[in-house]
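Undergrad: My structure file protein_19.txt, compact mmCIF, C-alpha atoms, is below:
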# COMPACT_ATOMS: atom_id res chain seq x y z
CA MET A 1 -57.16 -35.54 -67.73
CA SER A 2 -55.05 -37.61 -70.09
CA ARG A 3 -56.54 -39.61 -72.85
CA SER A 4 -54.78 -42.72 -71.52
CA VAL A 5 -56.59 -42.47 -68.19
CA ARG A 6 -59.98 -41.78 -69.72
CA SER A 7 -59.62 -44.69 -72.09
CA ASN A 8 -58.92 -47.08 -69.25
CA PRO A 9 -61.99 -49.36 -68.92
CA ALA A 10 -61.56 -49.43 -65.14
CA PHE A 11 -61.95 -45.66 -64.95
CA PRO A 12 -65.75 -45.46 -64.85
CA ARG A 13 -65.93 -48.29 -62.35
CA LEU A 14 -63.61 -46.40 -60.03
CA LEU A 15 -65.06 -42.98 -60.67
CA LEU A 16 -68.64 -43.77 -59.76
CA PRO A 17 -67.88 -45.05 -56.24
CA ALA A 18 -65.47 -42.17 -55.78
CA LEU A 19 -68.15 -39.67 -56.76
CA ALA A 20 -70.64 -41.28 -54.41
CA ALA A 21 -68.15 -41.14 -51.54
CA CYS A 22 -67.38 -37.50 -52.22
CA LEU A 23 -71.08 -36.62 -52.27
CA LEU A 24 -71.73 -38.39 -49.00
CA ALA A 25 -68.75 -36.70 -47.40
CA ALA A 26 -69.87 -33.33 -48.66
CA CYS A 27 -73.33 -33.83 -47.27
CA SER A 28 -72.16 -35.01 -43.90
CA THR A 29 -70.07 -31.90 -43.52
CA THR A 30 -72.99 -29.65 -44.38
CA LEU A 31 -75.25 -30.84 -41.58
CA PRO A 32 -76.30 -27.86 -39.52
CA THR A 33 -74.23 -26.84 -36.55
CA LEU A 34 -76.64 -26.45 -33.69
CA PRO A 35 -76.09 -24.49 -30.52
CA PRO A 36 -75.45 -26.65 -27.46
CA LEU A 37 -78.51 -27.28 -25.34
CA SER A 38 -76.72 -26.42 -22.14
CA ASP A 39 -73.35 -26.08 -20.51
CA SER A 40 -74.65 -27.62 -17.29
CA GLY A 41 -72.36 -30.62 -17.52
CA ILE A 42 -75.21 -32.58 -15.94
CA GLU A 43 -76.97 -35.54 -17.49
CA HIS A 44 -80.59 -36.40 -16.91
CA PRO A 45 -81.07 -39.83 -18.54
CA GLY A 46 -84.62 -40.27 -19.68
CA LYS A 47 -85.42 -36.59 -19.78
CA ILE A 48 -86.86 -35.18 -23.01
CA VAL A 49 -84.40 -32.41 -23.74
CA TRP A 50 -85.23 -31.34 -27.30
CA HIS A 51 -87.89 -31.55 -29.99
CA ASP A 52 -87.45 -31.51 -33.76
CA LEU A 53 -90.30 -31.31 -36.22
CA VAL A 54 -89.56 -33.44 -39.26
CA THR A 55 -91.74 -32.20 -42.06
CA PRO A 56 -92.04 -32.27 -45.86
CA ASP A 57 -92.96 -28.57 -45.89
CA PRO A 58 -90.80 -26.46 -43.56
CA SER A 59 -92.11 -23.18 -44.99
CA ARG A 60 -95.68 -24.03 -44.11
CA ALA A 61 -94.61 -25.31 -40.70
CA LYS A 62 -92.73 -22.11 -39.93
CA ALA A 63 -95.72 -20.01 -40.88
CA PHE A 64 -98.00 -22.14 -38.71
CA TYR A 65 -95.90 -22.23 -35.55
CA GLY A 66 -94.79 -18.65 -35.97
CA ALA A 67 -98.39 -17.45 -36.04
CA LEU A 68 -99.69 -19.87 -33.42
CA LEU A 69 -96.93 -19.61 -30.82
CA GLY A 70 -94.94 -16.55 -31.81
CA TRP A 71 -91.83 -18.57 -32.56
CA THR A 72 -89.14 -17.07 -34.78
CA PHE A 73 -86.81 -19.05 -37.02
CA GLU A 74 -83.16 -19.05 -37.94
CA GLN A 75 -81.97 -21.08 -40.91
CA LEU A 76 -78.95 -23.20 -40.02
CA SER A 77 -78.68 -25.22 -43.24
CA ASP A 78 -80.62 -25.94 -46.41
CA GLY A 79 -82.82 -28.32 -44.48
CA TYR A 80 -82.84 -27.19 -40.87
CA TRP A 81 -84.24 -24.21 -38.99
CA LEU A 82 -83.86 -23.35 -35.33
CA ALA A 83 -87.06 -22.12 -33.69
CA ARG A 84 -86.81 -19.62 -30.87
CA ASN A 85 -89.45 -18.83 -28.29
CA ASP A 86 -88.92 -15.34 -26.93
CA GLY A 87 -85.31 -15.59 -28.08
CA ILE A 88 -84.66 -18.98 -26.50
CA ALA A 89 -84.00 -22.02 -28.69
CA VAL A 90 -87.09 -24.18 -28.34
CA ALA A 91 -87.18 -26.63 -31.26
CA GLY A 92 -85.86 -27.47 -34.69
CA ILE A 93 -87.63 -27.85 -38.01
CA ALA A 94 -85.98 -30.45 -40.22
CA ALA A 95 -86.90 -30.97 -43.85
CA LEU A 96 -87.78 -34.41 -45.11
CA ASN A 97 -86.35 -35.32 -48.48
CA SER A 98 -89.63 -36.69 -49.69
CA SER A 99 -92.52 -34.33 -50.25
CA GLN A 100 -94.74 -37.31 -49.44
CA GLY A 101 -93.19 -37.83 -46.02
CA LEU A 102 -95.33 -37.59 -42.91
CA ALA A 103 -94.71 -34.75 -40.49
CA HIS A 104 -93.91 -35.76 -36.95
CA TRP A 105 -92.68 -34.14 -33.77
CA LEU A 106 -89.61 -36.05 -32.66
CA ALA A 107 -88.93 -35.99 -28.93
CA HIS A 108 -85.24 -36.33 -28.02
CA MET A 109 -84.48 -38.35 -24.91
CA SER A 110 -81.22 -37.88 -23.08
CA VAL A 111 -79.08 -40.98 -22.75
CA PRO A 112 -75.45 -41.19 -21.58
CA ASP A 113 -74.35 -43.33 -24.54
CA VAL A 114 -76.36 -43.27 -27.77
CA ASP A 115 -74.62 -46.25 -29.34
CA ALA A 116 -75.09 -48.42 -26.26
CA ALA A 117 -78.69 -47.28 -25.88
CA THR A 118 -79.38 -48.06 -29.52
CA ASP A 119 -78.00 -51.56 -29.12
CA LEU A 120 -80.02 -52.01 -25.95
CA ALA A 121 -83.18 -50.77 -27.63
CA ARG A 122 -82.70 -53.24 -30.46
CA SER A 123 -82.13 -56.11 -28.07
CA GLU A 124 -85.31 -55.14 -26.20
CA GLY A 125 -87.43 -55.23 -29.34
CA GLY A 126 -87.02 -51.70 -30.65
CA GLU A 127 -86.30 -50.76 -34.25
CA ILE A 128 -83.50 -48.50 -35.42
CA LEU A 129 -84.79 -45.85 -37.82
CA LEU A 130 -81.58 -43.81 -38.02
CA LYS A 131 -78.29 -45.20 -36.81
CA PRO A 132 -76.24 -43.07 -34.39
CA PHE A 133 -74.62 -40.04 -36.00
CA GLU A 134 -72.91 -36.85 -34.88
CA LEU A 135 -74.95 -33.68 -35.09
CA PRO A 136 -72.39 -30.86 -35.02
CA GLY A 137 -72.61 -28.74 -31.91
CA ARG A 138 -75.45 -30.75 -30.43
CA GLY A 139 -74.14 -34.23 -29.76
CA ARG A 140 -74.77 -37.78 -30.89
CA VAL A 141 -78.21 -38.76 -32.09
CA ALA A 142 -80.13 -41.83 -33.19
CA VAL A 143 -83.79 -42.34 -34.00
CA ILE A 144 -85.57 -45.47 -32.87
CA ARG A 145 -89.03 -46.92 -32.61
CA ASP A 146 -90.06 -48.58 -29.36
CA PRO A 147 -91.46 -52.14 -29.43
CA GLN A 148 -94.97 -50.72 -29.63
CA GLY A 149 -94.15 -48.51 -32.60
CA ALA A 150 -93.68 -45.04 -31.07
CA ALA A 151 -90.75 -43.21 -32.66
CA PHE A 152 -88.37 -40.94 -30.75
CA ALA A 153 -84.74 -39.86 -30.76
CA LEU A 154 -81.88 -40.65 -28.42
CA LEU A 155 -79.48 -37.81 -27.73
CA ARG A 156 -76.18 -37.53 -25.88
CA THR A 157 -75.81 -33.80 -25.50
CA ARG A 158 -72.53 -32.01 -25.83
CA GLY A 159 -72.11 -29.89 -22.72
CA GLY A 160 -74.88 -31.40 -20.66
CA ASP A 161 -78.66 -31.45 -20.43
CA PRO A 162 -80.83 -28.47 -19.62
CA VAL A 163 -81.53 -28.11 -15.94
CA ASP A 164 -85.07 -28.49 -14.71
CA GLY A 165 -87.01 -25.28 -14.67
CA GLU A 166 -90.47 -23.87 -14.99
CA PRO A 167 -91.96 -24.42 -18.43
CA LEU A 168 -92.11 -21.23 -20.44
CA LEU A 169 -95.23 -19.95 -22.08
CA ASN A 170 -95.34 -21.29 -25.64
CA GLY A 171 -92.65 -23.78 -24.71
CA TRP A 172 -92.65 -27.50 -23.93
CA LEU A 173 -94.65 -28.60 -20.94
CA TRP A 174 -94.83 -32.37 -20.86
CA ASN A 175 -94.32 -35.53 -22.92
CA GLU A 176 -96.30 -38.75 -23.11
CA ILE A 177 -96.45 -42.00 -24.97
CA TRP A 178 -99.92 -42.70 -26.21
CA THR A 179 -100.27 -46.41 -26.65
CA ARG A 180 -102.79 -49.18 -26.65
CA ALA A 181 -100.97 -50.96 -23.81
CA PRO A 182 -99.16 -48.56 -21.44
CA ASP A 183 -98.24 -51.29 -18.98
CA GLN A 184 -96.40 -53.19 -21.68
CA GLY A 185 -94.45 -50.08 -22.65
CA VAL A 186 -93.04 -49.37 -19.21
CA PRO A 187 -90.35 -52.11 -19.01
CA PHE A 188 -88.71 -51.02 -22.27
CA TYR A 189 -88.28 -47.44 -21.11
CA ARG A 190 -87.27 -48.44 -17.60
CA THR A 191 -84.52 -50.61 -19.05
CA LEU A 192 -83.46 -47.99 -21.56
CA THR A 193 -83.28 -45.06 -19.14
CA GLY A 194 -82.75 -46.51 -15.70
CA LEU A 195 -85.65 -44.39 -14.48
CA ARG A 196 -88.06 -45.72 -11.92
CA SER A 197 -91.65 -46.29 -12.91
CA ASP A 198 -94.54 -45.12 -10.84
CA ARG A 199 -98.27 -44.67 -11.17
CA ARG A 200 -100.99 -42.56 -9.74
CA GLN A 201 -104.67 -43.28 -9.39
CA VAL A 202 -106.80 -40.24 -9.92
CA ASP A 203 -110.51 -40.42 -10.59
CA GLY A 204 -110.12 -44.08 -11.40
CA ILE A 205 -107.51 -43.41 -14.06
CA ASP A 206 -104.25 -45.32 -13.79
CA TYR A 207 -101.53 -42.95 -14.96
CA ARG A 208 -98.09 -44.44 -15.40
CA TYR A 209 -94.96 -42.36 -15.57
CA LEU A 210 -91.22 -42.67 -15.28
CA ALA A 211 -89.26 -40.49 -12.92
CA GLU A 212 -85.72 -39.58 -12.02
CA GLY A 213 -85.90 -39.46 -8.25
CA GLU A 214 -88.88 -37.24 -7.54
CA SER A 215 -88.81 -35.61 -10.97
CA PRO A 216 -91.31 -37.16 -13.38
CA ARG A 217 -89.91 -37.32 -16.91
CA PHE A 218 -92.70 -38.67 -19.13
CA GLY A 219 -95.96 -40.54 -18.91
CA LEU A 220 -97.71 -43.39 -20.65
CA ILE A 221 -101.45 -43.40 -21.23
CA ASP A 222 -104.04 -45.24 -23.26
CA LYS A 223 -104.09 -43.53 -26.62
CA PRO A 224 -107.03 -41.21 -26.98
CA GLY A 225 -108.20 -42.49 -30.33
CA PRO A 226 -108.33 -46.07 -31.55
CA GLU A 227 -107.15 -45.13 -35.04
CA LEU A 228 -104.14 -43.25 -33.78
CA ALA A 229 -100.84 -45.07 -34.09
CA ASN A 230 -98.87 -45.53 -30.89
CA SER A 231 -96.98 -42.25 -30.62
CA TRP A 232 -94.91 -39.95 -28.51
CA VAL A 233 -96.92 -36.78 -27.98
CA SER A 234 -95.66 -33.51 -26.61
CA TYR A 235 -97.51 -30.76 -24.78
CA ILE A 236 -96.98 -27.05 -25.21
CA ARG A 237 -97.95 -24.56 -22.54
CA VAL A 238 -100.26 -21.87 -23.89
CA ASP A 239 -101.89 -18.91 -22.26
CA ASP A 240 -105.36 -19.62 -23.61
CA ALA A 241 -106.12 -22.95 -25.25
CA ARG A 242 -109.41 -21.68 -26.66
CA VAL A 243 -107.81 -18.74 -28.39
CA ALA A 244 -105.02 -20.95 -29.71
CA ALA A 245 -107.42 -23.58 -31.01
CA ALA A 246 -109.56 -20.95 -32.68
CA THR A 247 -106.60 -19.82 -34.80
CA VAL A 248 -105.53 -23.31 -35.86
CA PRO A 249 -107.96 -23.89 -38.78
CA ALA A 250 -107.19 -20.54 -40.37
CA LEU A 251 -103.50 -21.44 -40.26
CA GLY A 252 -104.11 -24.71 -42.06
CA GLY A 253 -104.10 -27.02 -39.07
CA LYS A 254 -106.83 -29.14 -37.52
CA VAL A 255 -108.38 -29.18 -34.09
CA LEU A 256 -108.66 -32.86 -33.18
CA LEU A 257 -110.04 -32.33 -29.71
CA ALA A 258 -111.83 -29.07 -29.06
CA PRO A 259 -110.64 -27.17 -26.00
CA ARG A 260 -111.97 -28.90 -22.96
CA GLN A 261 -111.94 -27.54 -19.48
CA GLY A 262 -111.28 -29.86 -16.58
CA LEU A 263 -108.63 -31.96 -18.28
CA ARG A 264 -105.35 -32.04 -16.41
CA ASP A 265 -106.75 -29.45 -14.02
CA SER A 266 -106.73 -27.00 -16.87
CA THR A 267 -107.95 -26.58 -20.44
CA VAL A 268 -106.49 -28.82 -23.10
CA THR A 269 -106.83 -29.08 -26.86
CA ILE A 270 -105.30 -31.54 -29.33
CA ILE A 271 -104.29 -30.22 -32.73
CA SER A 272 -102.35 -31.19 -35.82
CA ASP A 273 -100.32 -28.81 -37.93
CA PRO A 274 -100.86 -28.31 -41.69
CA ASN A 275 -98.66 -31.31 -42.47
CA GLY A 276 -100.25 -33.59 -39.90
CA ALA A 277 -97.87 -33.43 -36.94
CA GLY A 278 -99.78 -33.69 -33.68
CA LEU A 279 -99.48 -31.64 -30.52
CA VAL A 280 -101.36 -30.95 -27.32
CA LEU A 281 -101.84 -27.38 -26.19
CA GLN A 282 -102.47 -26.96 -22.50
CA GLU A 283 -102.98 -24.11 -20.11
CA TRP A 284 -100.89 -24.50 -17.03
CA SER A 285 -100.17 -22.48 -13.94
CA PRO A 286 -97.28 -23.06 -11.54
CA MET B 1 -55.89 -53.33 -75.22
CA SER B 2 -57.58 -50.08 -74.29
CA ARG B 3 -60.83 -48.98 -75.86
CA PRO B 4 -62.18 -45.50 -76.45
CA TYR B 5 -64.09 -44.03 -73.56
CA PRO B 6 -67.72 -44.23 -74.77
CA ALA B 7 -69.67 -41.02 -74.94
CA PHE B 8 -72.65 -42.54 -73.20
CA ARG B 9 -70.52 -43.30 -70.18
CA ARG B 10 -69.43 -39.70 -69.99
CA LEU B 11 -73.07 -38.74 -70.16
CA LEU B 12 -73.91 -41.27 -67.44
CA LEU B 13 -71.25 -39.84 -65.18
CA ARG B 14 -72.50 -36.31 -65.68
CA ILE B 15 -76.07 -37.35 -64.94
CA THR B 16 -74.95 -39.25 -61.85
CA LEU B 17 -73.01 -36.24 -60.64
CA ALA B 18 -75.91 -33.87 -61.22
CA VAL B 19 -78.48 -36.09 -59.57
CA GLY B 20 -76.14 -36.76 -56.67
CA LEU B 21 -75.55 -33.08 -56.10
CA VAL B 22 -79.25 -32.33 -56.16
CA LEU B 23 -80.00 -35.14 -53.73
CA CYS B 24 -77.15 -34.12 -51.48
CA LEU B 25 -78.06 -30.47 -51.33
CA GLY B 26 -81.64 -31.36 -50.67
CA SER B 27 -80.83 -33.77 -47.90
CA CYS B 28 -78.66 -31.68 -45.61
CA SER B 29 -81.22 -32.05 -42.91
CA PRO B 30 -80.30 -34.38 -40.08
CA TYR B 31 -83.52 -36.28 -40.57
CA GLY B 32 -83.97 -35.93 -44.33
CA SER B 33 -84.25 -39.66 -44.90
CA LEU B 34 -86.29 -40.42 -41.80
CA SER B 35 -89.46 -42.36 -42.42
CA ILE B 36 -91.58 -42.76 -39.33
CA GLY B 37 -94.46 -44.04 -41.36
CA THR B 38 -97.29 -43.19 -39.00
CA SER B 39 -99.54 -40.21 -39.11
CA PHE B 40 -101.25 -38.39 -36.28
CA ASN B 41 -104.54 -39.28 -37.84
CA VAL B 42 -107.72 -39.94 -35.95
CA GLY B 43 -109.86 -40.24 -39.06
CA GLY B 44 -113.53 -40.09 -38.22
CA GLY B 45 -113.10 -41.60 -34.79
CA SER B 46 -113.66 -39.76 -31.58
CA MET B 47 -110.76 -38.49 -29.56
CA TYR B 48 -110.69 -38.21 -25.84
CA LEU B 49 -108.21 -37.61 -23.09
CA THR B 50 -108.29 -39.04 -19.66
CA PRO B 51 -109.92 -36.75 -17.12
CA SER B 52 -107.89 -34.71 -14.75
CA ILE B 53 -105.08 -36.86 -13.50
CA GLY B 54 -103.39 -34.33 -11.35
CA VAL B 55 -99.98 -34.90 -12.83
CA GLY B 56 -100.27 -33.12 -16.14
CA GLY B 57 -97.86 -30.44 -17.10
CA PHE B 58 -94.74 -29.87 -15.13
CA LEU B 59 -95.57 -32.40 -12.44
Kindly return the structure encoded in the file as structure tokens.
TA:
Amino acid sequence: MSRSVRSNPAFPRLLLPALAACLLAACSTTLPTLPPLSDSGIEHPGKIVWHDLVTPDPSRAKAFYGALLGWTFEQLSDGYWLARNDGIAVAGIAALNSSQGLAHWLAHMSVPDVDAATDLARSEGGEILLKPFELPGRGRVAVIRDPQGAAFALLRTRGGDPVDGEPLLNGWLWNEIWTRAPDQGVPFYRTLTGLRSDRRQVDGIDYRYLAEGESPRFGLIDKPGPELANSWVSYIRVDDARVAAATVPALGGKVLLAPRQGLRDSTVTIISDPNGAGLVLQEWSP
Amino acid sequence: MSRPYPAFRRLLLRITLAVGLVLCLGSCSPYGSLSIGTSFNVGGGSMYLTPSIGVGGFL
């Protein structure tokens, strides 16, 4: 570098933005390349097609879910791990930059156009947490918060959405929005997804859900604890909820609702992982 | 008229570069900067789920 260039007073003013741009470009190119979810070529708008755990402590999370559910992990970048359940990609674990960040399971909802859905969500009272971006290999993603505060991701998959199939043991079973006012949440999701809303009365409980044709995609219920923020909550199918819950404390997690028989025609327990991300474990038989 | 490139500016650039690299390498997670801001915390309150609704699981 010549002395004449370095002595130019404009040099530092140009160099700093240039450095920042280079760093951003470098980072964007080092995002993990994820395997495609499917090559079905079919879209299921409104279906929850993926889950990522965002956490300040991926190592602890991997140890927890590995021991609890038998998942194995493959590192795809400095901050992202792919979890496999019996060899099948089941979830991602994404590091938060801040060690003070709150862990959260992030459900990914299929939409045909992430940018349009993001704009629509904003116009319907939602909040954009992460603007649309390309996730190599996976598709286009954005993270939003619904008008009631529940955060989730929008995803336009590359190659299509997974086809419907029987939930695997130690895999995802169901997804719900736990909110103080389920009825008020329905119009937002109906507008966003184009799904039809329906409800069932069972034992005096009014259960609302959205469906694609005859295939229910997710439900909305009164949140089970008044202190709990309105949240998306995902269910994992387990063989024995009691056994699973019994192992949670030793792994650093918490059992928030002890295993209870008779819920959902099965046995259900609510837990949180060592960094506070919540889940429901449920026994289920076809 | 040009002026000598001050040493402190060179130092500033090096610090900026170092900090930027550290931040960048640490943030190559798709959700590194995500702040959802709510915890799955039930505090001391009781937690309950609705009774059997017949549509749990894989409906």
Undergrad: Quick one, how far is CA of Asp273 (chain A) from CA of Pro162 (chain A)?
TA: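 Those two atoms sit 26.7 Å apart.
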Undergrad: Taking 2 positions as the minimum chain separation for residues in the same chain, which residues sit within 7 Å of region 176-190 of chain A when counting only C-alpha atoms? Answer as a PyMOL selection string.
TA: chain A and resi 124+174+192-197+218-223+230-234
Undergrad: Given only C-alpha atoms as the basis, pick out the residue of A:Val54, A:Ala121, A:Leu34, A:Ala153 nearest to chain B.
TA: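 Looking only at the distances to chain B, the closest residue turns out to be A:Val54.
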Undergrad: I'd like to know which of B:Pro6, B:Ser35, B:Leu12, B:Ser29 is closest to Leu82 (chain A), using only C-alpha atoms.
TA: B:Ser29
Undergrad: So, counting all atoms listed in the file, which residue among A:Trp71, A:Trp50, A:Phe64, A:Trp105 is closest to chain B?
TA: A:Trp105
Undergrad: Which centre and edge lengths in Å to one decimal define the box along x, y and z that fits every listed atom of region 190-204 of chain A plus 3 Å per side, as JSON?
TA:
{"center_x": -96.6, "center_y": -45.4, "center_z": -15.5, "size_x": 33.8, "size_y": 16.4, "size_z": 18.2}
Undergrad: Please tell me which residues are no farther than 10 Å from (-86.3, -31.4, -17.5) in the file, counting only C-alpha atoms, and write them as a PyMOL selection string.
TA: (chain A and resi 44-50+110+161-167+172-174+212+215-218) or (chain B and resi 58)
Undergrad: Could you pull out every residue with an atom within 9 Å of (-98.8, -41.4, -40.5), file coordinates, counting all atoms listed in the file, and send them as number ranges by chain?
TA: A: 101-104, 228-229, 276-277; B: 36-41
Undergrad: Compare A:Phe152, A:Tyr80, A:Phe133, A:Tyr209 by their minimum atom-to-atom distance to chain B, counting all atoms listed in the file, and give me the closest one.
TA: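 Using all atoms listed in the file, the shortest distance to chain B belongs to A:Tyr80.
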Undergrad: Measuring atom to atom with all atoms listed in the file, identify which of A:Pro286, A:Gly137, A:Gly225, A:Gly159 is nearest to chain B.
TA: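 Ranked by minimum distance to chain B, first place goes to A:Gly225.
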Undergrad: CA of Thr247 (chain A) to CA of Leu169 (chain A): how many Å, to one decimal?
TA: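 CA of Leu169 (chain A) lies 17.1 Å from CA of Thr247 (chain A).
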Undergrad: Go through A:Val111, A:Leu68, A:Leu135, A:Ala91 and flag the residue nearest chain B, using all atoms listed in the file for the distances.
TA: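 Checking each candidate against chain B, we get A:Leu135 as the closest.
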Undergrad: Between CA of Leu251 (chain A) and CA of Val143 (chain A), what is the distance, to one decimal in Å?
TA: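 Separation between CA of Leu251 (chain A) and CA of Val143 (chain A): 29.4 Å.
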